[in-house]
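Colleague: Following this line is final_22.tsv, made up of TSV, C-alpha atoms:
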```tsv
chain	number	residue	atom	x	y	z
A	22	PRO	CA	-39.40	-23.64	8.18
A	23	ALA	CA	-40.72	-20.18	7.39
A	24	ALA	CA	-38.96	-18.36	10.24
A	25	ALA	CA	-35.54	-19.73	9.26
A	26	ALA	CA	-36.12	-18.90	5.59
A	27	LYS	CA	-37.03	-15.33	6.53
A	28	ILE	CA	-33.75	-14.89	8.43
A	29	PHE	CA	-31.76	-16.00	5.38
A	30	LEU	CA	-33.91	-13.77	3.16
A	31	ALA	CA	-33.46	-10.75	5.44
A	32	GLY	CA	-29.70	-11.30	5.48
A	33	GLY	CA	-29.55	-11.57	1.69
A	34	LEU	CA	-31.69	-8.49	1.09
A	35	CYS	CA	-29.88	-6.27	3.61
A	36	SER	CA	-26.44	-7.16	2.22
A	37	SER	CA	-27.47	-6.84	-1.42
A	38	VAL	CA	-29.17	-3.47	-0.94
A	39	ALA	CA	-26.40	-2.03	1.25
A	40	HIS	CA	-23.55	-3.16	-1.00
A	41	THR	CA	-25.29	-2.01	-4.18
A	42	LEU	CA	-26.05	1.44	-2.76
A	43	LEU	CA	-22.36	1.84	-1.97
A	44	VAL	CA	-20.97	0.61	-5.30
A	45	PRO	CA	-19.69	4.13	-6.25
A	46	LEU	CA	-17.46	4.21	-3.14
A	47	ASP	CA	-16.24	0.70	-3.87
A	48	VAL	CA	-15.39	1.69	-7.45
A	49	VAL	CA	-13.23	4.57	-6.19
A	50	LYS	CA	-11.50	2.29	-3.67
A	51	THR	CA	-10.80	-0.39	-6.28
A	52	ARG	CA	-9.45	2.14	-8.79
A	53	LEU	CA	-7.09	3.50	-6.13
A	54	GLN	CA	-5.82	-0.02	-5.48
A	55	THR	CA	-5.47	-1.16	-9.12
A	56	GLU	CA	-3.84	1.94	-10.61
A	57	PRO	CA	-0.09	2.60	-10.08
A	58	PRO	CA	0.74	4.64	-6.96
A	59	GLY	CA	0.62	8.36	-7.71
A	60	THR	CA	-2.02	8.07	-10.43
A	61	TYR	CA	-4.48	9.92	-8.20
A	62	SER	CA	-3.75	12.39	-5.43
A	63	GLY	CA	-6.55	10.90	-3.37
A	64	PRO	CA	-10.14	9.64	-3.38
A	65	LEU	CA	-11.62	12.94	-4.54
A	66	ASP	CA	-9.17	13.18	-7.42
A	67	CYS	CA	-10.04	9.61	-8.41
A	68	ALA	CA	-13.77	10.39	-8.28
A	69	ARG	CA	-13.31	13.50	-10.42
A	70	SER	CA	-11.29	11.50	-12.93
A	71	LEU	CA	-14.00	8.86	-13.15
A	72	ALA	CA	-16.72	11.48	-13.62
A	73	ALA	CA	-14.73	13.10	-16.43
A	74	SER	CA	-13.99	9.78	-18.15
A	75	GLU	CA	-15.66	8.52	-21.30
A	76	GLU	CA	-18.14	6.45	-19.25
A	77	GLY	CA	-19.20	9.49	-17.22
A	78	ALA	CA	-21.46	8.83	-14.24
A	79	ALA	CA	-21.93	5.23	-15.37
A	80	ALA	CA	-18.33	4.56	-14.33
A	81	PHE	CA	-19.45	4.67	-10.70
A	82	LEU	CA	-21.77	1.70	-11.27
A	83	GLN	CA	-19.18	-0.68	-12.73
A	84	GLY	CA	-19.62	-4.13	-11.20
A	85	ALA	CA	-23.03	-3.27	-9.71
A	86	GLY	CA	-24.69	-6.36	-11.19
A	87	ALA	CA	-22.14	-8.78	-9.75
A	88	THR	CA	-22.27	-6.94	-6.44
A	89	ALA	CA	-26.06	-7.08	-6.10
A	90	PHE	CA	-26.37	-10.77	-6.93
A	91	GLY	CA	-23.20	-11.96	-5.21
A	92	TYR	CA	-23.89	-10.22	-1.93
A	93	ALA	CA	-27.50	-11.35	-1.87
A	94	LEU	CA	-26.16	-14.90	-1.67
A	95	ALA	CA	-23.28	-13.97	0.63
A	96	GLY	CA	-25.51	-12.00	3.01
A	97	ALA	CA	-27.96	-14.87	3.31
A	98	CYS	CA	-25.04	-17.11	4.26
A	99	ALA	CA	-23.42	-14.60	6.63
A	100	PHE	CA	-26.52	-13.73	8.67
A	101	GLY	CA	-28.37	-17.02	8.34
A	102	LEU	CA	-25.44	-19.31	9.02
A	103	LEU	CA	-24.31	-17.14	11.93
A	104	GLU	CA	-27.56	-18.12	13.63
A	105	VAL	CA	-26.90	-21.77	12.79
A	106	PHE	CA	-23.29	-21.89	13.97
A	107	SER	CA	-24.03	-19.83	17.09
A	108	ARG	CA	-26.54	-22.45	18.23
A	109	ALA	CA	-24.29	-25.39	17.45
A	110	ILE	CA	-21.20	-23.87	19.10
A	111	ASN	CA	-23.08	-22.65	22.18
A	112	GLU	CA	-24.64	-26.08	22.66
A	113	ALA	CA	-21.25	-27.77	22.34
A	114	ALA	CA	-19.70	-25.33	24.84
A	115	GLY	CA	-22.45	-25.72	27.43
A	116	ALA	CA	-24.59	-23.10	29.16
A	117	GLY	CA	-21.89	-21.85	31.56
A	118	ASN	CA	-19.16	-21.52	28.95
A	119	SER	CA	-21.59	-19.87	26.53
A	120	LEU	CA	-22.10	-17.05	29.01
A	121	PHE	CA	-18.49	-16.74	30.16
A	122	PHE	CA	-16.91	-17.02	26.69
A	123	SER	CA	-19.68	-15.32	24.71
A	124	THR	CA	-17.33	-13.10	22.69
A	125	PRO	CA	-14.85	-15.82	21.59
A	126	LEU	CA	-17.75	-18.14	20.74
A	127	LEU	CA	-19.41	-15.40	18.69
A	128	ALA	CA	-16.10	-14.86	16.88
A	129	LEU	CA	-15.84	-18.59	16.13
A	130	ALA	CA	-19.43	-18.74	14.84
A	131	SER	CA	-18.76	-15.70	12.65
A	132	ALA	CA	-15.60	-17.27	11.23
A	133	CYS	CA	-17.43	-20.50	10.35
A	134	ALA	CA	-20.24	-18.60	8.62
A	135	THR	CA	-17.71	-16.44	6.78
A	136	ALA	CA	-15.91	-19.45	5.32
A	137	PHE	CA	-19.10	-20.43	3.52
A	138	CYS	CA	-19.80	-16.81	2.62
A	139	ALA	CA	-16.33	-16.38	1.06
A	140	ALA	CA	-16.76	-19.38	-1.22
A	141	VAL	CA	-20.08	-17.97	-2.44
A	142	VAL	CA	-18.91	-14.40	-3.05
A	143	CYS	CA	-15.45	-15.16	-4.51
A	144	PRO	CA	-16.39	-15.36	-8.22
A	145	PHE	CA	-18.59	-12.27	-7.94
A	146	GLU	CA	-15.72	-10.31	-6.40
A	147	ALA	CA	-13.47	-11.39	-9.28
A	148	VAL	CA	-16.07	-10.12	-11.77
A	149	ARG	CA	-16.57	-6.85	-9.86
A	150	ILE	CA	-12.84	-6.12	-9.73
A	151	GLY	CA	-12.47	-7.00	-13.42
A	152	ALA	CA	-15.37	-4.74	-14.35
A	153	VAL	CA	-13.92	-1.77	-12.43
A	154	ARG	CA	-10.36	-2.33	-13.63
A	155	ASN	CA	-11.35	-2.59	-17.31
A	156	GLY	CA	-14.29	-0.18	-17.28
A	157	ALA	CA	-16.68	-2.90	-18.44
A	158	SER	CA	-20.06	-4.32	-17.46
A	159	SER	CA	-20.30	-7.32	-15.13
A	160	LEU	CA	-21.34	-9.56	-18.02
A	161	ALA	CA	-18.45	-8.40	-20.20
A	162	ALA	CA	-16.03	-8.85	-17.31
A	163	VAL	CA	-17.03	-12.45	-16.58
A	164	GLN	CA	-16.90	-13.32	-20.28
A	165	GLN	CA	-13.42	-11.85	-20.59
A	166	ILE	CA	-12.10	-13.62	-17.49
A	167	VAL	CA	-13.44	-17.02	-18.61
A	168	ALA	CA	-12.24	-16.53	-22.20
A	169	ASP	CA	-8.73	-15.39	-21.20
A	170	GLU	CA	-8.00	-17.55	-18.16
A	171	GLY	CA	-10.76	-20.13	-17.79
A	172	ALA	CA	-13.52	-20.47	-15.23
A	173	ALA	CA	-11.05	-21.47	-12.51
A	174	ALA	CA	-9.73	-17.90	-12.54
A	175	LEU	CA	-12.97	-16.81	-10.87
A	176	TYR	CA	-11.79	-18.61	-7.73
A	177	ARG	CA	-8.18	-17.41	-7.91
A	178	GLY	CA	-8.88	-14.93	-5.13
A	179	LEU	CA	-10.40	-17.46	-2.68
A	180	GLY	CA	-7.36	-17.44	-0.40
A	181	PRO	CA	-7.15	-13.64	-0.17
A	182	ILE	CA	-10.91	-13.29	0.18
A	183	LEU	CA	-10.84	-15.66	3.16
A	184	LEU	CA	-8.00	-13.58	4.64
A	185	LYS	CA	-10.10	-10.47	4.05
A	186	GLU	CA	-13.61	-11.63	4.95
A	187	VAL	CA	-12.83	-13.61	8.11
A	188	PRO	CA	-11.30	-10.66	10.03
A	189	PHE	CA	-13.82	-8.25	8.50
A	190	VAL	CA	-16.96	-10.22	9.34
A	191	VAL	CA	-15.72	-11.49	12.71
A	192	THR	CA	-14.73	-7.98	13.78
A	193	LYS	CA	-18.00	-6.56	12.45
A	194	PHE	CA	-20.25	-8.96	14.35
A	195	VAL	CA	-18.22	-8.98	17.58
A	196	VAL	CA	-17.82	-5.19	17.78
A	197	PHE	CA	-21.47	-4.64	16.83
A	198	ASP	CA	-22.62	-7.07	19.51
A	199	ARG	CA	-20.51	-5.40	22.21
A	200	VAL	CA	-21.25	-1.80	21.22
A	201	ALA	CA	-24.97	-2.51	20.85
A	202	ALA	CA	-25.02	-4.09	24.33
A	203	LEU	CA	-23.21	-1.08	25.83
A	204	LEU	CA	-25.59	1.39	24.17
A	205	ALA	CA	-28.65	-0.59	25.26
A	206	ALA	CA	-27.36	-0.74	28.85
A	207	ALA	CA	-26.58	2.99	28.84
A	208	LEU	CA	-30.06	3.91	27.59
A	209	PRO	CA	-32.48	1.66	29.49
A	210	ASP	CA	-35.32	4.20	29.29
A	211	ALA	CA	-35.15	4.21	25.49
A	212	GLN	CA	-35.73	0.47	25.13
A	213	GLY	CA	-38.45	-0.24	22.59
A	214	GLY	CA	-38.48	3.36	21.35
A	215	ALA	CA	-38.19	4.32	17.71
A	216	LEU	CA	-35.04	6.37	18.30
A	217	LEU	CA	-33.09	3.48	19.80
A	218	SER	CA	-34.40	0.94	17.31
A	219	VAL	CA	-32.98	3.03	14.46
A	220	GLY	CA	-30.09	4.77	16.19
A	221	LEU	CA	-28.61	1.68	17.82
A	222	PRO	CA	-27.94	-0.32	14.62
A	223	LEU	CA	-26.68	2.82	12.87
A	224	ALA	CA	-24.30	3.81	15.67
A	225	ALA	CA	-23.08	0.32	16.55
A	226	GLY	CA	-22.87	-0.61	12.87
A	227	SER	CA	-20.71	2.43	12.08
A	228	VAL	CA	-18.23	1.62	14.84
A	229	ALA	CA	-18.19	-2.05	13.83
A	230	GLY	CA	-17.58	-1.15	10.18
A	231	LEU	CA	-14.63	1.08	10.97
A	232	PHE	CA	-12.91	-1.57	13.08
A	233	ALA	CA	-13.68	-4.23	10.48
A	234	ALA	CA	-12.12	-2.13	7.70
A	235	LEU	CA	-8.94	-1.57	9.70
A	236	ALA	CA	-8.66	-5.26	10.57
A	237	SER	CA	-8.97	-6.42	6.96
A	238	GLN	CA	-7.37	-3.63	4.89
A	239	PRO	CA	-4.10	-5.43	3.96
A	240	ALA	CA	-6.02	-8.54	2.87
A	241	ASP	CA	-8.41	-6.40	0.82
A	242	THR	CA	-5.46	-4.95	-1.10
A	243	LEU	CA	-4.04	-8.45	-1.55
A	244	LEU	CA	-7.38	-9.61	-2.99
A	245	THR	CA	-7.40	-6.77	-5.53
A	246	LEU	CA	-3.80	-7.49	-6.60
A	247	THR	CA	-4.50	-11.23	-6.91
A	248	ASN	CA	-7.36	-10.57	-9.33
A	249	GLU	CA	-5.12	-8.76	-11.82
A	250	GLU	CA	-4.64	-10.73	-15.02
A	251	GLY	CA	-1.92	-13.36	-14.69
A	252	ALA	CA	-1.41	-12.72	-10.97
A	253	THR	CA	-1.17	-15.39	-8.30
A	254	LEU	CA	-1.42	-15.23	-4.53
A	255	GLY	CA	2.37	-15.59	-4.36
A	256	SER	CA	3.09	-12.79	-6.83
A	257	ALA	CA	0.54	-10.51	-5.17
A	258	THR	CA	2.05	-11.18	-1.74
A	259	SER	CA	5.55	-10.46	-3.07
A	260	ARG	CA	4.41	-7.21	-4.63
A	261	LEU	CA	2.70	-6.12	-1.42
A	262	ALA	CA	5.81	-7.01	0.59
A	263	ALA	CA	7.97	-4.99	-1.82
A	264	GLU	CA	5.59	-2.02	-1.75
A	265	PRO	CA	4.00	-2.04	1.73
A	266	ARG	CA	2.42	1.38	1.19
A	267	LEU	CA	0.03	-0.34	-1.22
A	268	ALA	CA	-1.68	-1.85	1.83
A	269	LEU	CA	-2.98	1.59	2.78
A	270	GLN	CA	-4.19	2.61	-0.68
A	271	GLY	CA	-7.92	3.08	-0.70
A	272	LEU	CA	-8.20	2.96	3.10
A	273	ALA	CA	-10.11	6.25	3.39
A	274	PRO	CA	-12.94	5.37	0.96
A	275	ARG	CA	-12.96	1.79	2.21
A	276	GLY	CA	-13.26	2.93	5.83
A	277	LEU	CA	-16.18	5.17	4.92
A	278	PHE	CA	-17.64	2.37	2.80
A	279	ALA	CA	-17.41	-0.12	5.68
A	280	MET	CA	-19.00	2.27	8.19
A	281	LEU	CA	-21.92	3.00	5.89
A	282	LEU	CA	-22.20	-0.64	4.83
A	283	SER	CA	-22.35	-2.08	8.33
A	284	SER	CA	-24.77	0.51	9.66
A	285	LEU	CA	-27.07	0.04	6.64
A	286	GLN	CA	-26.83	-3.76	6.87
A	287	PHE	CA	-27.77	-3.95	10.52
A	288	LEU	CA	-30.50	-1.32	10.19
A	289	ILE	CA	-32.09	-3.01	7.15
A	290	TYR	CA	-31.65	-6.46	8.70
A	291	THR	CA	-33.40	-5.55	11.95
A	292	ARG	CA	-36.17	-3.72	10.07
A	293	LEU	CA	-36.74	-6.64	7.71
A	294	ARG	CA	-36.71	-9.13	10.56
A	295	ASP	CA	-39.34	-7.08	12.34
A	296	LEU	CA	-41.32	-6.73	9.11
A	297	PHE	CA	-41.22	-10.49	8.59
A	298	GLY	CA	-42.36	-10.96	12.18
A	299	VAL	CA	-39.41	-13.13	13.22
A	300	SER	CA	-38.41	-12.91	16.89
A	301	LYS	CA	-35.77	-14.66	18.94
A	302	ALA	CA	-38.46	-16.97	20.33
A	303	ASP	CA	-39.51	-17.92	16.79
A	304	LEU	CA	-35.96	-18.80	15.87
A	305	THR	CA	-35.43	-20.84	19.02
A	306	LEU	CA	-38.53	-22.89	18.26
A	307	VAL	CA	-37.38	-23.47	14.67
A	308	TRP	CA	-33.85	-24.48	15.62
A	309	ASP	CA	-35.02	-26.68	18.48
A	310	ALA	CA	-37.47	-28.40	16.17
A	311	LEU	CA	-34.60	-29.19	13.82
A	312	ALA	CA	-32.51	-30.29	16.85
A	313	THR	CA	-29.44	-28.64	15.41
A	314	ILE	CA	-29.48	-24.90	15.94
A	315	GLN	CA	-30.39	-22.09	18.36
A	316	ALA	CA	-31.06	-18.40	17.95
A	317	GLY	CA	-27.65	-16.67	18.00
A	318	PRO	CA	-26.74	-13.22	19.31
A	319	ILE	CA	-27.89	-11.43	16.15
A	320	GLY	CA	-31.33	-12.99	16.42
A	321	ARG	CA	-32.34	-10.67	19.23
```
Can I see the file as C-alpha cells?
Modeller:
Amino acid sequence: PAAAAKIFLAGGLCSSVAHTLLVPLDVVKTRLQTEPPGTYSGPLDCARSLAASEEGAAAFLQGAGATAFGYALAGACAFGLLEVFSRAINEAAGAGNSLFFSTPLLALASACATAFCAAVVCPFEAVRIGAVRNGASSLAAVQQIVADEGAAALYRGLGPILLKEVPFVVTKFVVFDRVAALLAAALPDAQGGALLSVGLPLAAGSVAGLFAALASQPADTLLTLTNEEGATLGSATSRLAAEPRLALQGLAPRGLFAMLLSSLQFLIYTRLRDLFGVSKADLTLVWDALATIQAGPIGR
C-alpha cells in the first residue's frame, strides 16, 4: 500500500540524509576511538590533525558512501518497522494495557525494530569504520575487508552493534515520545503552528539524542574495537575491561553527533511524512486492511 511505502521511504530518507550530513563528526569520533589513547588531546586536536593530513578536507568524508546507503536501509527499517511492531504489540496487550504501559510497550516495539535494523546496517558499519581507520574510500575498505578476512568479517560486529543500537534506538524513541508529549501539553496554543511543528522535533530530538548517546556509549566503543583487523568480541571486551577509560573516548563528538542526528531525523521525518500526505488515519487504514499492524506512536 502506498501509505505504508511512504512511511518506510520517509524513514530511509531522513536517516540517510541526517547521517551523511554528520559524517565529519562521526569520522572524528571514530578516529578518537581507534587511535591509541593520548594520540589526540581532544576532538578539536583530532579535527585539526585530519585537516592537515594528506587527504585534507576529504578525510572528513571517509565512509560517507557506506553511511548514506546503509542508513537509508536501516532508517526505513527503524521507522517503518516501529509502526509495524507498535501495532502488533499494542493489539496483543489490549486497549487498557496499551494506555497504562505505553512507555514499556514503545520500548519493546523499538527493540524489535532495532534488531532488524542492526542486521541491515552491520556490514555498512564495518565498511565505514574500516574506511575511517585506514583513510580509504568505502569501496576500497569493503574490498580490503573481504580480501583479508572474508565476507563473514562484515558481520563480525553484529553482537556489539545490537548492544549499541538497541539502547540507542529504544532510548531515542522513548525519550522523544515523552519529551514531545510534554512540550505539546505545555504549549497548547501553539498546536498546528509552524514554530511548534519545527521546534518540537528539534528540541525533543536533541534531548533524545543526548540520552541515547549516553546509554549506548560503551557499546559504541566495543563495536569500534571489534571491527579492528583480527579482533573478536571477546578480545575487544577484554581490552575494554582492561582499559575502561576507552569507553569514554569520543563521547563529546558522539554526544553532539547524536543530538544533531536525532533532531534532524525527526524533523526531516515529520516534514517528509507531511509532504507525502501520510497521516495517522491513513496508516491505521493501511494496517487494518492488512490485519496485522496499527499506526504506532511515531505515526502521529
Colleague: Can you pull out the residues contacting Val195 (chain A)? Cut-off 12 Å, using only C-alpha atoms, and skip same-chain residues under 3 positions away; I want them as a VMD selection string.
Modeller: chain A and resid 103 123 to 132 187 to 192 198 to 202 225 to 226 228 to 230 232 to 233 318 to 319
Colleague: Between CA of Leu293 (chain A) and CA of Ala95 (chain A), what distance in Å does the model show, to one decimal?
Modeller: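 For CA of Leu293 (chain A) relative to CA of Ala95 (chain A), the distance reads 16.9 Å.
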Colleague: In Å, how far is it from CA of Thr55 (chain A) to CA of Gly171 (chain A)?
Modeller: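 Between CA of Thr55 (chain A) and CA of Gly171 (chain A) the gap is 21.5 Å.
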Colleague: Ranking A:Cys138, A:Leu179, A:Leu272, A:Leu281 by minimum distance to Ala236 (chain A) and counting only C-alpha atoms, which one comes first?
Modeller: A:Leu272
Colleague: Compile the contact shell of Ile166 (chain A) as a list of chain:residue names: residues with an atom at most 9 Å away, counting only C-alpha atoms, same-chain residues fewer than 3 positions apart removed.
Modeller: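 Final neighbour list, sorted by chain and number: A:Ala147, A:Val148, A:Gly151, A:Ala161, A:Ala162, A:Val163, A:Asp169, A:Glu170, A:Gly171, A:Ala172, A:Ala174, A:Leu175, A:Glu250.
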Colleague: Would you list the contacts of Gly156 (chain A) as an MDAnalysis selection string, taking every protein, DNA or RNA residue within 8 Å and counting all atoms listed in the file, but skipping same-chain residues closer than 6 positions in sequence?
Modeller: chainID A and resid 76 80 83
Colleague: Measuring atom to atom with only C-alpha atoms, identify which of A:Leu82, A:Leu46, A:Ala99, A:Val153 is nearest to Glu249 (chain A).
Modeller: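 Of the candidates, the smallest distance to Glu249 (chain A) is held by A:Val153.
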Colleague: Which residue, A:Ser107, A:Gly63, A:Thr51, A:Gly33, has the smallest gap to Val142 (chain A) when you use all atoms listed in the file?
Modeller: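 Of the candidates, the smallest distance to Val142 (chain A) is held by A:Gly33.
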Colleague: Report, in Å to a single decimal, how far apart CA of Gly101 (chain A) and CA of Cys35 (chain A) are.
Modeller: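 Distance between the two atoms: 11.8 Å.
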Colleague: Identify which of the residues A:Ser283, A:Ser74, A:Thr60, A:Ser37 lies closest to Leu223 (chain A), counting all atoms listed in the file when measuring atom-to-atom distances.
Modeller: A:Ser283
Colleague: Which of these residues is nearest to Pro274 (chain A), using all atoms listed in the file: A:Ser159, A:Thr245, A:Ser36, A:Gln238?
Modeller: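 Of A:Ser159, A:Thr245, A:Ser36, A:Gln238, the one nearest Pro274 (chain A) is A:Gln238, counting all atoms listed in the file.
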Colleague: Report the centre and edge lengths, in Å to one decimal, of an axis-aligned box enclosing every atom of region 197-209 of chain A listed in the file, padded by 4 Å on each side, as AutoDock Vina command-line options.
Modeller:
```
--center_x -26.5 --center_y -1.6 --center_z 23.2 --size_x 20.0 --size_y 19.0 --size_z 20.7
```
Colleague: Restricting the calculation to all atoms listed in the file: of A:Leu208, A:Leu42, A:Leu183, A:Ala152, which residue gets closest to Asp241 (chain A)?
Modeller: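 Counting all atoms listed in the file, the residue closest to Asp241 (chain A) is A:Leu183.
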Colleague: Env of region 255-259 of chain A: 8 Å cut, atoms = all atoms listed in the file, seq-sep filter 5 positions within chain, self excluded. Answer as a ChimeraX atom specification.
Modeller: /A:243,246-247
Colleague: Tell me which residues come within 10 Å of (-17.6, 3.1, 3.9), as a ChimeraX atom specification, counting only C-alpha atoms in the file's coordinates.
Modeller: /A:40,43,46-47,50,227,230-231,234,272-284
Colleague: For the residues selected in the previous step, produce a file with C-alpha atoms as a compact mmCIF listing (two decimals), keeping the file's coordinate frame.
Modeller:
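Saved result, out.txt, follows:
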```
# COMPACT_ATOMS: atom_id res chain seq x y z
CA HIS A 40 -23.55 -3.16 -1.00
CA LEU A 43 -22.36 1.84 -1.97
CA LEU A 46 -17.46 4.21 -3.14
CA ASP A 47 -16.24 0.70 -3.87
CA LYS A 50 -11.50 2.29 -3.67
CA SER A 227 -20.71 2.43 12.08
CA GLY A 230 -17.58 -1.15 10.18
CA LEU A 231 -14.63 1.08 10.97
CA ALA A 234 -12.12 -2.13 7.70
CA LEU A 272 -8.20 2.96 3.10
CA ALA A 273 -10.11 6.25 3.39
CA PRO A 274 -12.94 5.37 0.96
CA ARG A 275 -12.96 1.79 2.21
CA GLY A 276 -13.26 2.93 5.83
CA LEU A 277 -16.18 5.17 4.92
CA PHE A 278 -17.64 2.37 2.80
CA ALA A 279 -17.41 -0.12 5.68
CA MET A 280 -19.00 2.27 8.19
CA LEU A 281 -21.92 3.00 5.89
CA LEU A 282 -22.20 -0.64 4.83
CA SER A 283 -22.35 -2.08 8.33
CA SER A 284 -24.77 0.51 9.66
```
Colleague: Find the residues near Phe29 (chain A): any atom within 12 Å, counting only C-alpha atoms, skip ones fewer than 4 places away on the same chain, and give them as a ChimeraX atom specification.
Modeller: /A:22-25,33-36,93-105,290,293-294,297,299,304,320
Colleague: Since we have the selection now, will you write its residues out, keeping C-alpha atoms, as a tab-separated table (two decimals), in the frame of the given file?
Modeller:
```tsv
chain	number	residue	atom	x	y	z
A	22	PRO	CA	-39.40	-23.64	8.18
A	23	ALA	CA	-40.72	-20.18	7.39
A	24	ALA	CA	-38.96	-18.36	10.24
A	25	ALA	CA	-35.54	-19.73	9.26
A	33	GLY	CA	-29.55	-11.57	1.69
A	34	LEU	CA	-31.69	-8.49	1.09
A	35	CYS	CA	-29.88	-6.27	3.61
A	36	SER	CA	-26.44	-7.16	2.22
A	93	ALA	CA	-27.50	-11.35	-1.87
A	94	LEU	CA	-26.16	-14.90	-1.67
A	95	ALA	CA	-23.28	-13.97	0.63
A	96	GLY	CA	-25.51	-12.00	3.01
A	97	ALA	CA	-27.96	-14.87	3.31
A	98	CYS	CA	-25.04	-17.11	4.26
A	99	ALA	CA	-23.42	-14.60	6.63
A	100	PHE	CA	-26.52	-13.73	8.67
A	101	GLY	CA	-28.37	-17.02	8.34
A	102	LEU	CA	-25.44	-19.31	9.02
A	103	LEU	CA	-24.31	-17.14	11.93
A	104	GLU	CA	-27.56	-18.12	13.63
A	105	VAL	CA	-26.90	-21.77	12.79
A	290	TYR	CA	-31.65	-6.46	8.70
A	293	LEU	CA	-36.74	-6.64	7.71
A	294	ARG	CA	-36.71	-9.13	10.56
A	297	PHE	CA	-41.22	-10.49	8.59
A	299	VAL	CA	-39.41	-13.13	13.22
A	304	LEU	CA	-35.96	-18.80	15.87
A	320	GLY	CA	-31.33	-12.99	16.42
```
